[in-house]
Structure formats: structure tokens, C-alpha cells
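Novice: Data file my_file_21.cif (mmCIF, C-alpha atoms; chains and numbers go by the auth columns) is appended below.
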data_input
loop_
_atom_site.group_PDB
_atom_site.id
_atom_site.type_symbol
_atom_site.label_atom_id
_atom_site.label_comp_id
_atom_site.label_asym_id
_atom_site.label_seq_id
_atom_site.Cartn_x
_atom_site.Cartn_y
_atom_site.Cartn_z
_atom_site.B_iso_or_equiv
_atom_site.auth_seq_id
_atom_site.auth_asym_id
ATOM 1 C CA MET A 1 -14.634 12.056 -3.617 0.00 183 E
ATOM 2 C CA ARG A 2 -13.136 8.944 -2.083 0.00 184 E
ATOM 3 C CA THR A 3 -12.022 9.671 1.467 0.00 185 E
ATOM 4 C CA PHE A 4 -8.629 8.870 2.943 0.00 186 E
ATOM 5 C CA LEU A 5 -10.289 6.139 5.017 0.00 187 E
ATOM 6 C CA GLU A 6 -11.882 4.575 1.921 0.00 188 E
ATOM 7 C CA ILE A 7 -8.496 4.431 0.186 0.00 189 E
ATOM 8 C CA VAL A 8 -6.793 2.846 3.206 0.00 190 E
ATOM 9 C CA ASN A 9 -9.653 0.345 3.464 0.00 191 E
ATOM 10 C CA LYS A 10 -9.171 -0.484 -0.220 0.00 192 E
ATOM 11 C CA PHE A 11 -5.515 -1.374 0.428 0.00 193 E
ATOM 12 C CA GLU A 12 -6.571 -3.452 3.441 0.00 194 E
ATOM 13 C CA SER A 13 -9.184 -5.246 1.325 0.00 195 E
ATOM 14 C CA ALA A 14 -6.488 -6.047 -1.226 0.00 196 E
ATOM 15 C CA ALA A 15 -4.334 -7.497 1.575 0.00 197 E
ATOM 16 C CA ASN A 16 -7.229 -9.570 2.929 0.00 198 E
ATOM 17 C CA TYR A 17 -8.046 -10.806 -0.574 0.00 199 E
ATOM 18 C CA HIS A 18 -4.481 -11.916 -1.333 0.00 200 E
ATOM 19 C CA THR A 19 -3.609 -15.464 -0.244 0.00 201 E
ATOM 20 C CA TYR A 20 0.098 -14.630 0.252 0.00 202 E
ATOM 21 C CA ILE A 21 -0.497 -11.873 2.830 0.00 203 E
ATOM 22 C CA ASN A 22 -1.100 -12.897 6.463 0.00 204 E
ATOM 23 C CA SER A 23 -1.450 -9.443 8.032 0.00 205 E
ATOM 24 C CA PHE A 24 -1.987 -5.784 7.190 0.00 206 E
ATOM 25 C CA GLY A 25 -0.811 -2.730 9.090 0.00 207 E
ATOM 26 C CA PHE A 26 -0.962 1.022 8.680 0.00 208 E
ATOM 27 C CA GLY A 27 1.050 3.967 9.916 0.00 209 E
ATOM 28 C CA SER A 28 4.566 5.271 10.315 0.00 210 E
ATOM 29 C CA LEU A 29 7.549 2.937 10.163 0.00 211 E
ATOM 30 C CA ASP A 30 8.193 3.162 13.899 0.00 212 E
ATOM 31 C CA ARG A 31 4.777 1.544 14.378 0.00 213 E
ATOM 32 C CA LEU A 32 5.812 -1.272 12.033 0.00 214 E
ATOM 33 C CA ASN A 33 8.721 -2.012 14.386 0.00 215 E
ATOM 34 C CA ASP A 34 6.315 -2.028 17.366 0.00 216 E
ATOM 35 C CA LYS A 35 4.342 -4.974 16.018 0.00 217 E
ATOM 36 C CA ILE A 36 5.461 -8.023 17.995 0.00 218 E
ATOM 37 C CA ASN A 37 4.602 -11.476 16.683 0.00 219 E
ATOM 38 C CA GLN A 38 3.150 -9.976 13.512 0.00 220 E
ATOM 39 C CA PRO A 39 2.154 -12.806 11.140 0.00 221 E
ATOM 40 C CA TYR A 40 4.307 -12.791 7.991 0.00 222 E
ATOM 41 C CA PRO A 41 4.204 -12.202 5.088 0.00 223 E
ATOM 42 C CA MET A 42 2.746 -8.795 5.785 0.00 224 E
ATOM 43 C CA ALA A 43 1.593 -5.671 3.972 0.00 225 E
ATOM 44 C CA TRP A 44 2.247 -2.294 5.613 0.00 226 E
ATOM 45 C CA LEU A 45 0.793 0.961 4.276 0.00 227 E
ATOM 46 C CA ARG A 46 2.518 4.250 5.060 0.00 228 E
ATOM 47 C CA PRO A 47 0.885 7.574 4.078 0.00 229 E
ATOM 48 C CA MET A 48 3.352 10.007 2.541 0.00 230 E
ATOM 49 C CA THR A 49 2.015 13.156 0.864 0.00 231 E
ATOM 50 C CA SER A 50 -0.909 14.849 -0.792 0.00 232 E
ATOM 51 C CA GLN A 51 -0.526 17.286 -3.644 0.00 233 E
ATOM 52 C CA GLY A 52 -3.865 18.842 -2.764 0.00 234 E
ATOM 53 C CA ILE A 53 -6.632 19.464 -5.280 0.00 235 E
ATOM 54 C CA THR A 54 -5.878 20.249 -8.907 0.00 236 E
ATOM 55 C CA ALA A 55 -7.729 22.742 -11.050 0.00 237 E
ATOM 56 C CA PHE A 56 -9.108 19.778 -12.996 0.00 238 E
ATOM 57 C CA GLY A 57 -11.040 18.383 -10.026 0.00 239 E
ATOM 58 C CA SER A 58 -8.855 15.617 -8.681 0.00 240 E
ATOM 59 C CA ARG A 59 -6.624 14.977 -5.685 0.00 241 E
ATOM 60 C CA THR A 60 -3.695 12.630 -5.313 0.00 242 E
ATOM 61 C CA LEU A 61 -2.500 10.855 -2.172 0.00 243 E
ATOM 62 C CA THR A 62 0.883 9.141 -2.107 0.00 244 E
ATOM 63 C CA PHE A 63 1.511 5.975 -0.087 0.00 245 E
ATOM 64 C CA GLU A 64 4.376 3.569 0.406 0.00 246 E
ATOM 65 C CA LEU A 65 3.292 -0.066 0.392 0.00 247 E
ATOM 66 C CA TYR A 66 5.696 -2.496 2.076 0.00 248 E
ATOM 67 C CA ILE A 67 5.359 -6.202 1.307 0.00 249 E
ATOM 68 C CA LEU A 68 7.653 -8.034 3.723 0.00 250 E
ATOM 69 C CA ASP A 69 8.558 -11.528 4.834 0.00 251 E
ATOM 70 C CA ILE A 70 11.281 -13.066 7.005 0.00 252 E
ATOM 71 C CA PRO A 71 13.738 -15.217 5.040 0.00 253 E
ATOM 72 C CA LYS A 72 15.465 -18.252 6.428 0.00 254 E
ATOM 73 C CA GLN A 73 19.222 -18.102 6.386 0.00 255 E
ATOM 74 C CA THR A 74 19.709 -19.266 2.783 0.00 256 E
ATOM 75 C CA ASP A 75 20.333 -17.162 -0.300 0.00 257 E
ATOM 76 C CA THR A 76 17.778 -19.211 -2.210 0.00 258 E
ATOM 77 C CA ASP A 77 15.047 -18.383 0.303 0.00 259 E
ATOM 78 C CA TYR A 78 15.977 -14.690 0.177 0.00 260 E
ATOM 79 C CA ILE A 79 15.757 -14.633 -3.630 0.00 261 E
ATOM 80 C CA GLN A 80 12.411 -16.457 -3.541 0.00 262 E
ATOM 81 C CA ILE A 81 11.003 -13.932 -1.050 0.00 263 E
ATOM 82 C CA LEU A 82 12.118 -11.032 -3.243 0.00 264 E
ATOM 83 C CA SER A 83 10.449 -12.701 -6.207 0.00 265 E
ATOM 84 C CA ASP A 84 7.207 -13.406 -4.318 0.00 266 E
ATOM 85 C CA THR A 85 6.927 -10.015 -2.632 0.00 267 E
ATOM 86 C CA GLU A 86 7.635 -8.132 -5.870 0.00 268 E
ATOM 87 C CA ARG A 87 4.765 -9.974 -7.507 0.00 269 E
ATOM 88 C CA VAL A 88 2.466 -9.121 -4.601 0.00 270 E
ATOM 89 C CA VAL A 89 3.201 -5.390 -5.006 0.00 271 E
ATOM 90 C CA TYR A 90 2.087 -5.696 -8.643 0.00 272 E
ATOM 91 C CA ASP A 91 -1.016 -7.587 -7.503 0.00 273 E
ATOM 92 C CA PHE A 92 -1.989 -4.640 -5.280 0.00 274 E
ATOM 93 C CA TYR A 93 -1.662 -2.342 -8.270 0.00 275 E
ATOM 94 C CA THR A 94 -3.850 -4.714 -10.298 0.00 276 E
ATOM 95 C CA TYR A 95 -6.439 -4.825 -7.494 0.00 277 E
ATOM 96 C CA PHE A 96 -6.969 -1.074 -8.009 0.00 278 E
ATOM 97 C CA TYR A 97 -6.466 -1.045 -11.774 0.00 279 E
ATOM 98 C CA ASP A 98 -8.691 -4.003 -12.714 0.00 280 E
ATOM 99 C CA GLY A 99 -10.834 -4.392 -9.588 0.00 281 E
ATOM 100 C CA GLN A 100 -14.504 -3.701 -9.079 0.00 282 E
ATOM 101 C CA ASP A 101 -13.864 -0.038 -8.131 0.00 283 E
ATOM 102 C CA GLN A 102 -11.498 0.723 -10.999 0.00 284 E
ATOM 103 C CA GLN A 103 -13.561 3.706 -12.188 0.00 285 E
ATOM 104 C CA ASN A 104 -13.116 5.385 -8.777 0.00 286 E
ATOM 105 C CA TYR A 105 -9.312 5.438 -8.740 0.00 287 E
ATOM 106 C CA THR A 106 -6.398 6.257 -10.984 0.00 288 E
ATOM 107 C CA VAL A 107 -3.353 4.521 -9.518 0.00 289 E
ATOM 108 C CA THR A 108 0.245 4.958 -10.562 0.00 290 E
ATOM 109 C CA MET A 109 3.133 2.995 -9.113 0.00 291 E
ATOM 110 C CA THR A 110 6.096 5.331 -9.412 0.00 292 E
ATOM 111 C CA GLN A 111 8.872 3.388 -7.686 0.00 293 E
ATOM 112 C CA LEU A 112 9.783 -0.053 -6.376 0.00 294 E
ATOM 113 C CA ILE A 113 12.747 -0.575 -4.026 0.00 295 E
ATOM 114 C CA PRO A 114 14.038 -3.911 -2.650 0.00 296 E
ATOM 115 C CA LEU A 115 14.570 -4.239 1.104 0.00 297 E
ATOM 116 C CA ASN A 116 17.075 -6.543 2.735 0.00 298 E
ATOM 117 C CA GLU A 117 17.408 -7.169 6.480 0.00 299 E
ATOM 118 C CA ALA A 118 14.992 -4.332 7.165 0.00 300 E
ATOM 119 C CA PHE A 119 13.666 -3.348 10.578 0.00 301 E
ATOM 120 C CA GLN A 120 13.954 -5.372 13.777 0.00 302 E
ATOM 121 C CA ASP A 121 12.840 -8.681 12.284 0.00 303 E
ATOM 122 C CA ARG A 122 15.442 -8.510 9.456 0.00 304 E
ATOM 123 C CA MET A 123 12.703 -8.683 6.855 0.00 305 E
ATOM 124 C CA ALA A 124 13.103 -8.817 3.104 0.00 306 E
ATOM 125 C CA GLY A 125 10.722 -7.615 0.429 0.00 307 E
ATOM 126 C CA TRP A 126 9.819 -4.531 -1.570 0.00 308 E
ATOM 127 C CA VAL A 127 8.405 -1.083 -0.970 0.00 309 E
ATOM 128 C CA GLY A 128 6.317 0.395 -3.763 0.00 310 E
ATOM 129 C CA THR A 129 5.263 4.033 -4.032 0.00 311 E
ATOM 130 C CA PHE A 130 1.630 4.414 -5.063 0.00 312 E
ATOM 131 C CA ASP A 131 -0.051 7.627 -6.187 0.00 313 E
ATOM 132 C CA VAL A 132 -3.817 7.261 -5.764 0.00 314 E
ATOM 133 C CA GLN A 133 -5.821 9.874 -7.638 0.00 315 E
ATOM 134 C CA THR A 134 -9.548 10.363 -7.098 0.00 316 E
ATOM 135 C CA LYS A 135 -12.072 12.812 -8.474 0.00 317 E
ATOM 136 C CA THR A 136 -13.230 15.546 -6.149 0.00 318 E
ATOM 137 C CA ASP A 137 -16.959 15.130 -6.889 0.00 319 E
ATOM 138 C CA GLY A 138 -19.084 16.166 -3.967 0.00 320 E
ATOM 139 C CA LEU A 139 -16.787 18.952 -2.809 0.00 321 E
ATOM 140 C CA THR A 140 -19.201 21.853 -2.936 0.00 322 E
ATOM 141 C CA TYR A 141 -20.173 24.731 -0.720 0.00 323 E
ATOM 142 C CA CYS A 142 -23.546 23.023 -0.177 0.00 324 E
ATOM 143 C CA ASN A 143 -21.904 20.016 1.499 0.00 325 E
ATOM 144 C CA ILE A 144 -20.038 21.998 4.164 0.00 326 E
ATOM 145 C CA PRO A 145 -21.551 21.247 7.593 0.00 327 E
ATOM 146 C CA HIS A 146 -22.977 24.352 9.212 0.00 328 E
#
Would you encode the structure as C-alpha cells?
Specialist:
Amino acid sequence: MRTFLEIVNKFESAANYHTYINSFGFGSLDRLNDKINQPYPMAWLRPMTSQGITAFGSRTLTFELYILDIPKQTDTDYIQILSDTERVVYDFYTYFYDGQDQQNYTVTMTQLIPLNEAFQDRMAGWVGTFDVQTKTDGLTYCNIPH
């Protein structure tokens, strides 16, 4: 089974791989607001829920992925940022879907919402909801530490 840490690291690797993204963060949204002088554009990963383990031997974790930038004061710049950040959300999906670990994850993007003048820095971008499903191989009585 892929651990929570491995999944978060996979998102961070996708951010580091992408030439558009200048920084990656993780945690609740109040922590996103705490980041002073954060290099933009940025990716922020927020854990949401887990449905637990299914009878078919898989578990799903749900995350929100924020791709954000700070627009200048023009409408054209704002539209360009929405266009760029939307594409980056899809690139993250592709990183899981077509990447070197594709057999380890089943990823579904269930929602994409635009953000305008969000948070303290008045950022623009998109938040995508990702369901990351992994097999539960290795979860056996024999592997419980005792």
C-alpha cells in the first residue's frame, strides 16, 4: 500500500517537475495564509478525507490541489493566469495518470473551481479535487509490529 507520505511526496515531485510552479506547500488553508514571501506560482496540497478501506482491497484519499498565482491589475493578466493554472491542474493529473508510477495509483479529478482574489495575497487560480486510490497490498496481520 502506498502511504500517505508517499502520496504527498508524489504531489510534491509533480510540483518540482513542473516548470510553471515555483513553490509547493502542504496543510490546512490557514497555513497557506501564513506563508510570507512565498514564491508564485505555487501549488498547495490540502488533505480532505479518506473513505477507508473497501472490501475490494483499496483505499481512497481525497485532496484539494490549489494552483495559484498573483495577477497584475489587468483583466488580461487575470484571464491568462486562469488559463495557465487550469492547465497546470491537468498536468498534475497527467503526472499520476501517465507517469512512471501509474500502476500504483488510480487518480480521479472530481471537481475544478476557479479562485479569484483568494486569501491574503489576492491570488487567482484553480482548486482541483483529487481522489487518489491505492491498493492495500501489504496490509496483513503478519505486518503488524509487535
Novice: Could you give me, as a PyMOL selection string, the residues that have an atom at most 12 Å away from the point (4.9, 18.2, -1.2) in the coordinates of the file, using all atoms listed in the file?
Specialist: chain E and resi 230-234+242-244
Novice: Residues picked by the PyMOL selection byres ((chain E and resi 201) around 12) here, as a list in words?
Specialist: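 With the PyMOL selection byres ((chain E and resi 201) around 12) on this model, the match is Ser195, Ala196, Ala197, Asn198, Tyr199, His200, Tyr202, Ile203, Asn204, Ser205, Tyr222, Pro223, Met224, Ala225, Asp266, Val270 and Asp273 of chain E.
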Novice: Report the distance between CA of Phe186 in chain E and CA of Leu294 in chain E in Å, rounded to one decimal place.
Specialist: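 Going from CA of Phe186 in chain E over to CA of Leu294 in chain E, I get 22.5 Å.
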Novice: List the spatial neighbours of Glu246 in chain E as a CSV table (one decimal) with C-alpha atoms, keeping the file's coordinate frame - criterion: any atom at most 8 Å away, only C-alpha atoms, same-chain residues fewer than 5 positions off excluded.
Specialist:
chain,number,residue,atom,x,y,z
E,227,LEU,CA,0.8,1.0,4.3
E,228,ARG,CA,2.5,4.2,5.1
E,229,PRO,CA,0.9,7.6,4.1
E,230,MET,CA,3.4,10.0,2.5
E,309,VAL,CA,8.4,-1.1,-1.0
E,310,GLY,CA,6.3,0.4,-3.8
E,311,THR,CA,5.3,4.0,-4.0
E,312,PHE,CA,1.6,4.4,-5.1
Novice: Neighbourhood query: residues within 8 Å of (-5.6, -0.1, -10.0), file coordinates, counting all atoms listed in the file; return as a ChimeraX atom specification.
Specialist: /E:274-281,284,287-290
Novice: Please measure the separation of CA of Glu188 in chain E and CA of Ile295 in chain E, giving the value in Å to one decimal.
Specialist: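 For CA of Glu188 in chain E relative to CA of Ile295 in chain E, the distance reads 25.9 Å.
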Novice: Using CA of Gly239 in chain E and CA of Arg184 in chain E as the two end points, give the distance in Å to one decimal.
Specialist: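 Straight-line distance from CA of Gly239 in chain E to CA of Arg184 in chain E works out to 12.5 Å.
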Novice: If we count all atoms listed in the file and set the cut-off at 12 Å, which residues sit around Gln220 in chain E, ignoring sequence neighbours fewer than 5 positions away in its own chain? Please answer as an NGL selection string.
Specialist: :E and (203-207 or 213-215 or 225-226 or 250-252 or 302-303 or 305)
Novice: Using all atoms listed in the file, can you tell me which of E:Pro221, E:Asp313, E:Leu264, E:Gly307 comes closest to Tyr248 in chain E?
Specialist: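 Closest to Tyr248 in chain E, using all atoms listed in the file: E:Gly307.
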Novice: With all atoms listed in the file as the counted atoms, please give the residues lying no more than 12 Å from Asp319 in chain E, apart from itself and same-chain residues fewer than 6 positions off, as a PyMOL selection string.
Specialist: chain E and resi 183-185+235+238-241+286+325
Novice: Compile the contact shell of Lys254 in chain E as a ChimeraX atom specification: residues with an atom at most 12 Å away, counting only C-alpha atoms, same-chain residues fewer than 4 positions apart removed.
Specialist: /E:258-263,299,303-306
